[in-house]
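Trainee: Below: one structure in structure tokens.
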Amino acid sequence: MNTPAKLVLAAAALAALATPILAQQRPGGGERLPKECRAEIVKLCGTDRSQMRTCLAEKASQLSEGCRSELRARMEQRRQQGAGGGAGAEAEGAKAPPPQTLSYGKDSLQGIDLWVPDGAKQAPLVLFVHGGGWKRGSKNNATGRAMPAHMLEQGYAFASIDYRLVPKNTVEEQAADVAAALAHLLKRADALGIDRARVVLTGHSAGAHLVALVGTDERYLKKAGLSFADIDGVMPNDGAAYDVATQFTMAGPRMKETYEQAFGTDPARQKSLSPMRQAGAPNAPAFLLLHVQRADAVDQSQRLAEALKAGGTAVEIAGFPGDGLRGHMEINRKLGQPDYPATPVMDAWLRKVLG
């Protein structure tokens, strides 16, 4: 099938999904689309649901990358729910029990969902940071459904956090939120069943950038009363803004507004928010950089790996099949599924880093 035909099918599928998503409650329950995405759809297609499917089938490409990502994630969830107990459901593996939810600050977005293995007293902690272009996203739909259960099966505690979003807050404050969430968990490690001496940070997309920044610029951890000694490793997943100035040149006009909103136009600030520019020693002890075959993710992951190695940091880099936005979403959605090729790579690295 040629590429235009694929795009038409994708748009039609998104259109079929968009109308119920705009309702007050999603069919079967669950989280609604972020309000920014709902506003985009209304601006593009209006509120007449009888016309919305046709409109989105024709104009879905005009939505922001983040909004299209949110729609595709829900489309995949719907497909998997329709599969019942079929092959797609089997591939995801076991389902995690509901998490406990904690607050690490006064803002409503400073929240943590935490899963800990039953009876654990000192479970290693894997803390996940969601993507969304620094301006959207949620811990509630941050990662594939397989990941929490997979972490529990490996004996790890798994935390998924929210953080404050731009433009109301800054990327600097977001990195501070990552460090503050970690500090909140580690201060309560004994009561929560977490081993505060074995910790890995991970994140996808914008979350990959944030964990890489916290893992290379110790100021964020120090502000939260921590240091690189409190982290064993960092696993950024298909991020790209590791060198912000270069990302501006590679991203193309559609993403320019997103990057300008997050990082501004001041070269000094862009440099300070670039993990690659902060990767001289010291850093967190170990990194695993995951990516699919997006040109910017490949380039920036390789360049960050080189900068980390030059700083004396242990770093591994692993690429997997997947192109464009589809591949970018797939590595986040499928990581933790036993038959997804990145899962055993992640597992082996976590065993090596966490013991």
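Just remember, in the structure tokens the first chain shown is A, the second B, etc., residues are 1-based per chain, and ligands are 1-based in the order shown.
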Counting only C-alpha atoms, what are the residues of stretch 140-217 of chain A within 12 Å of stretch 282-292 of chain A, and for each of them which pair of atoms is the nearest and at what distance in Å, to one decimal? Sort the table by chain and rising number, as a tab-separated table.

Mentor:
```
residue	atom	partner	partner_atom	distance
A:Arg198	CA	A:Pro285	CA	11.9
A:Val199	CA	A:Ala284	CA	10.7
A:Val200	CA	A:Ala286	CA	9.3
A:Leu201	CA	A:Phe287	CA	9.5
A:Thr202	CA	A:Leu288	CA	9.3
A:Gly203	CA	A:Leu290	CA	10.3
A:His204	CA	A:Leu290	CA	9.4
A:Ser205	CA	A:His291	CA	9.7
A:Ala208	CA	A:Leu289	CA	9.0
A:His209	CA	A:Leu289	CA	10.9
A:Val211	CA	A:Ala284	CA	10.3
A:Ala212	CA	A:Phe287	CA	8.7
A:Leu213	CA	A:Asn283	CA	9.7
A:Val214	CA	A:Ala284	CA	8.6
A:Gly215	CA	A:Ala284	CA	5.1
A:Thr216	CA	A:Asn283	CA	4.7
A:Asp217	CA	A:Asn283	CA	7.2
```

Trainee: Just N, CA and C atoms for this one: save the residues we selected as a compact mmCIF listing (two decimals), in the first residue's frame.

Mentor:
```
# COMPACT_ATOMS: atom_id res chain seq x y z
N ARG A 198 18.72 1.87 45.00
CA ARG A 198 18.67 1.32 43.63
C ARG A 198 17.55 2.03 42.86
N VAL A 199 17.96 2.97 42.00
CA VAL A 199 17.01 3.87 41.35
C VAL A 199 17.40 4.09 39.88
N VAL A 200 16.40 4.01 39.00
CA VAL A 200 16.58 4.36 37.59
C VAL A 200 15.49 5.35 37.19
N LEU A 201 15.87 6.37 36.43
CA LEU A 201 14.92 7.31 35.83
C LEU A 201 14.73 6.96 34.36
N THR A 202 13.50 6.99 33.89
CA THR A 202 13.23 6.79 32.47
C THR A 202 12.10 7.70 32.04
N GLY A 203 12.00 7.94 30.74
CA GLY A 203 10.94 8.78 30.21
C GLY A 203 10.90 8.68 28.71
N HIS A 204 9.78 9.06 28.14
CA HIS A 204 9.59 8.97 26.69
C HIS A 204 9.39 10.37 26.10
N SER A 205 10.02 10.61 24.94
CA SER A 205 9.82 11.84 24.18
C SER A 205 10.27 13.05 25.02
N ALA A 208 11.87 11.86 27.98
CA ALA A 208 13.25 11.41 27.78
C ALA A 208 14.22 12.57 27.92
N HIS A 209 13.84 13.72 27.34
CA HIS A 209 14.68 14.91 27.50
C HIS A 209 14.82 15.30 28.97
N VAL A 211 14.49 13.47 31.79
CA VAL A 211 15.33 12.59 32.63
C VAL A 211 16.79 12.69 32.22
N ALA A 212 17.05 12.92 30.91
CA ALA A 212 18.43 13.11 30.48
C ALA A 212 19.00 14.39 31.08
N LEU A 213 18.17 15.44 31.17
CA LEU A 213 18.64 16.70 31.75
C LEU A 213 18.93 16.53 33.24
N VAL A 214 18.02 15.88 33.96
CA VAL A 214 18.25 15.64 35.39
C VAL A 214 19.47 14.74 35.60
N GLY A 215 19.72 13.85 34.65
CA GLY A 215 20.86 12.94 34.78
C GLY A 215 22.19 13.53 34.36
N THR A 216 22.19 14.76 33.82
CA THR A 216 23.44 15.40 33.41
C THR A 216 23.69 16.73 34.09
N ASP A 217 22.67 17.35 34.62
CA ASP A 217 22.80 18.64 35.30
C ASP A 217 22.36 18.44 36.75
```

Trainee: So which residues touch A:Gln154 within 12 Å, counting only C-alpha atoms, skipping near sequence neighbours fewer than 2 positions away, as a VMD selection string?

Mentor: chain A and resid 116 to 117 123 to 126 147 to 152 156 to 158 336 338 343 to 344 346 to 348 350 to 351 354 to 355

Trainee: Which residues, written as a list of chain:residue names, have at least one atom at most 9 Å from stretch 250-264 of chain A, with only C-alpha atoms counted and residues fewer than 3 positions away on the same chain left out?

Mentor: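 Neighbouring residues, sequence-local ones excluded: A:Ser64, A:Glu65, A:Gly133, A:Trp134, A:Lys135, A:Val166, A:Pro167, A:Thr170, A:Val171, A:Ala241, A:Val244, A:Thr246, A:Gln247, A:Pro267, A:Arg269, A:Gln270, A:Leu273, A:Ala295, A:Asp296.
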
Trainee: Choose the residue, out of A:Arg277, A:Arg196, A:His184, A:Arg303, that has the smallest atom-to-atom separation from A:Ile161; count only C-alpha atoms.

Mentor: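 Answer, going by the shortest atom-to-atom distance: A:His184.
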
Trainee: Which residues in stretch 89-278 of chain A does DSSP call helix (DSSP H, G or I)? List them as JSON, numbers by chain.

Mentor: {"A": [89, 90, 91, 92, 139, 140, 141, 146, 147, 148, 149, 150, 151, 152, 153, 171, 172, 173, 174, 175, 176, 177, 178, 179, 180, 181, 182, 183, 184, 185, 186, 187, 189, 190, 191, 192, 206, 207, 208, 209, 210, 211, 212, 213, 214, 219, 220, 221, 222, 223, 228, 229, 230, 244, 245, 246, 247, 248, 249, 250, 251, 253, 254, 255, 256, 257, 258, 259, 260, 261, 262, 263, 267, 268, 269, 270, 271, 272, 275, 276, 277, 278]}

Trainee: One number please: atom CA of A:Lys222 to atom CA of A:Gln110, in Å, one decimal.

Mentor: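 Pair atom CA of A:Lys222 / atom CA of A:Gln110 returns 18.6 Å.
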
Trainee: From the set A:Tyr220, A:Phe228, A:Ile317, A:Glu70, which residue has the shortest atom-to-atom contact distance to A:Asp299, counting only C-alpha atoms?

Mentor: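 Counting only C-alpha atoms, the residue closest to A:Asp299 is A:Ile317.
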